[in-house]
Amino acid sequence: MFSPQGPTLRELTAQALSSVERGYDLLAPKFDHTPFRTPGRILDATAEALCGLGPSEGRFGAGLDVCCGTGAGIGVLRSLCRERVVGVDFSAGMLAEAQEAEYGRTSGPAVAYGHSGTPTVTYIRADARTLPFTTAFDLAVTFGALGHFLPAERAAVFAGVHRALRPGGIFAFPIAAPPPPRSALYWTLLGFDAVMRVRNALWRPPFVMYYRTSSLGAVRADLRAAGFGVEVVPVQGAARRPDGSPAWGLVVARKP
Ligand SMILES: C[S@@+](CC[C@H](N)C(=O)[O-])C[C@H]1O[C@@H](n2cnc3c(N)ncnc32)[C@H](O)[C@@H]1O
C-alpha cells in the first residue's frame, strides 16, 4: 500500500490488530514509505517558525522529540539546538530504524560524542506518559502522535514535557485546522475514528489512534492546565484549504 516499498494491506491489517507499541514495531522497517511519517514540508516549516525563538542568540541548547518514531523531528531539532538532541519513543523497532538512519548520516562515532557546532543525538526508549526527565531541555517537539493518547492521558504527557523543560522552554507541535463538514477530509477522518472505535470495542489489545480527539480547544486547555502559556503561530508556507485558510498552525506552549 501507499508505494511499492510500503506495507502490504495484509501487513497493515496485522499491525492495526496489534497494540500501538507492537504495531509500530512491525511497521518500523516500512514506516518511512507511509504517509504516517511527517512530511518534510511540515518539518521544514516548523523549523523555520521556531528559528530565532531560542534563549541563546535565537538557538536552543537541548531538544527533545517526544514519540520520535524513525526520527522525522530529529532533523528539526538538529537545526535548532546546539548541545544535545534526544528522541523518545516506546517502540524498539522505530528506535532501531531511527538509530540506523542516524548512524548512516554521521557515519560513525560523531553520534556518540558530538562535534563542533552540532548537537549529540541519542534515542531513549520510554513511554511518553511517564517521561523520565527533569529541567533538561529548552525545546520539546512532537509530530503526528497526539492521536495515540486518549484525552484523559494527555495531562500526563503534557505534565511530563513541562517537567522536562527548563524555565522559559518551549513545547511546539503542528496542529491541523478542523476540516469543514462539507469536505472529503472531514468524512475520511470521521470514518477512520469510527472504524477505530468499533475495532477497539471488539478486539484486544486496543490500538489507540483517533484523529478527532485532539482539537485545538481541548489541547490548549490541557496545556494550560499543565502550566504552559499557549499561542498558535501561523506558519509561512503552510498548505492551504480550498477556501484559502491555512491547513495547519504551530502550537507554541511556553513554560513560564
Ligand atoms: C505516527 S508515528 C510518528 C513518528 C514521528 N514523530 C513522525 O512524525 O514521523 C507515532 C509514534 O508515536 C509512538 N508512540 C505512540 N504512543 C507512544 C507512547 N505512549 N510513548 C512513546 N511513544 C509512543 C509510536 O511508537 C510511533 O513511533
# chains A, B, ... in the order shown; residues from 1 in each chain; ligands from 1
>>> select_by_dssp(residues="region 145-246 of chain A", states="strand (DSSP E)", output="PyMOL selection string")
chain A and resi 165-176+229-233
>>> select_by_dssp(residues="region 54-124 of chain A", states="alpha helix (DSSP H)", output="list in words")
Ile74, Gly75, Val76, Leu77, Arg78, Ser79, Leu80, Ala92, Gly93, Met94, Leu95, Ala96, Glu97, Ala98, Gln99, Glu100, Ala101, Glu102, Tyr103, Gly104, Arg105, Thr106, Ala110, Val111, Ala112 and Tyr113 of chain A
>>> write_last_selection(atoms="C-alpha atoms", output="CSV table (one decimal), in the first residue's frame")
chain,number,residue,atom,x,y,z
A,74,ILE,CA,15.2,14.9,14.9
A,75,GLY,CA,16.4,16.9,11.9
A,76,VAL,CA,14.3,19.9,13.1
A,77,LEU,CA,15.9,19.8,16.5
A,78,ARG,CA,19.4,19.3,15.0
A,79,SER,CA,19.0,22.5,13.1
A,80,LEU,CA,17.8,24.4,16.1
A,92,ALA,CA,12.0,-0.5,20.0
A,93,GLY,CA,11.6,-1.2,16.2
A,94,MET,CA,11.0,2.5,15.4
A,95,LEU,CA,14.0,3.5,17.6
A,96,ALA,CA,16.2,0.9,15.8
A,97,GLU,CA,15.3,2.5,12.4
A,98,ALA,CA,16.0,6.0,13.8
A,99,GLN,CA,19.3,4.9,15.1
A,100,GLU,CA,20.3,3.2,11.9
A,101,ALA,CA,19.5,6.3,9.9
A,102,GLU,CA,21.4,8.4,12.4
A,103,TYR,CA,24.4,6.2,12.2
A,104,GLY,CA,24.3,6.3,8.4
A,105,ARG,CA,24.0,10.0,8.4
A,106,THR,CA,27.0,10.7,10.5
A,110,ALA,CA,30.3,11.5,15.9
A,111,VAL,CA,26.8,10.5,17.0
A,112,ALA,CA,28.1,9.4,20.4
A,113,TYR,CA,30.5,12.3,21.1
>>> residues_near_ligand(ligand="ligand 1", cutoff="7 Å", atoms="only C-alpha atoms and all ligand atoms", output="PDB file with C-alpha atoms, in the first residue's frame")
ATOM      1  CA  VAL A  20       0.254   0.542  19.431  1.00  0.00           C
ATOM      2  CA  GLU A  21       3.757  -0.439  20.532  1.00  0.00           C
ATOM      3  CA  TYR A  24       4.857   0.215  15.270  1.00  0.00           C
ATOM      4  CA  PHE A  36       2.235   8.422   8.596  1.00  0.00           C
ATOM      5  CA  ARG A  37       5.769   9.846   8.645  1.00  0.00           C
ATOM      6  CA  THR A  38       5.520  13.627   8.983  1.00  0.00           C
ATOM      7  CA  VAL A  66       8.500  13.076  22.007  1.00  0.00           C
ATOM      8  CA  CYS A  67       7.300   9.982  20.069  1.00  0.00           C
ATOM      9  CA  CYS A  68      10.179  10.429  17.635  1.00  0.00           C
ATOM     10  CA  GLY A  69       9.437   7.291  15.584  1.00  0.00           C
ATOM     11  CA  THR A  70      12.079   6.845  12.894  1.00  0.00           C
ATOM     12  CA  GLY A  71      13.414  10.338  13.570  1.00  0.00           C
ATOM     13  CA  ALA A  72      11.383  12.742  11.416  1.00  0.00           C
ATOM     14  CA  GLY A  73      11.582  15.524  14.007  1.00  0.00           C
ATOM     15  CA  VAL A  88      11.970   9.252  22.852  1.00  0.00           C
ATOM     16  CA  ASP A  89       9.644   6.503  21.693  1.00  0.00           C
ATOM     17  CA  PHE A  90       8.294   3.285  23.186  1.00  0.00           C
ATOM     18  CA  SER A  91       8.668   1.217  20.025  1.00  0.00           C
ATOM     19  CA  MET A  94      11.034   2.508  15.415  1.00  0.00           C
ATOM     20  CA  ALA A 126      10.344   5.372  27.176  1.00  0.00           C
ATOM     21  CA  ASP A 127       6.611   5.861  27.395  1.00  0.00           C
ATOM     22  CA  ALA A 128       5.582   9.448  26.683  1.00  0.00           C
ATOM     23  CA  ARG A 129       3.049   9.216  29.514  1.00  0.00           C
ATOM     24  CA  THR A 142       6.136  16.154  18.859  1.00  0.00           C
ATOM     25  CA  PHE A 143       4.895  15.212  15.394  1.00  0.00           C
ATOM     26  CA  GLY A 144       1.995  13.013  14.409  1.00  0.00           C
ATOM     27  CA  ALA A 145       1.496  11.310  17.760  1.00  0.00           C
ATOM     28  CA  HIS A 148      -2.309   7.961  20.123  1.00  0.00           C
ATOM     29  CA  PHE A 149      -3.299   9.347  23.516  1.00  0.00           C
TER      30      PHE A 149
END
>>> closest_residue(among="A:Leu185, A:Ala164, A:Leu150, A:Leu27", to="Gln5 (chain A)", atoms="only C-alpha atoms")
A:Leu27
>>> atom_distance(atom1="CA of Arg41 (chain A)", atom2="CA of Gly168 (chain A)")
27.2 Å
>>> residues_around(residues="Val208 (chain A)", least_positions_apart="5", cutoff="12 Å", atoms="only C-alpha atoms", output="list in words")
Ala16, Leu17, Ser18, Ser19, Val20, Glu21, Gly23, Ala145, Leu146, Gly147, His148, Phe149, Leu150, Pro151, Glu153, Phe192, Asp193, Ala194, Val195, Met196, Arg197, Val198, Arg199, Asn200, Ala201, Trp203 and Thr213 of chain A
>>> closest_residue(among="A:Ala152, A:Val121, A:Val141, A:Leu12", to="Leu64 (chain A)", atoms="only C-alpha atoms")
A:Val141
>>> closest_residue(among="A:Pro4, A:Gly52, A:Glu57, A:Tyr210", to="Leu189 (chain A)", atoms="only C-alpha atoms")
A:Tyr210
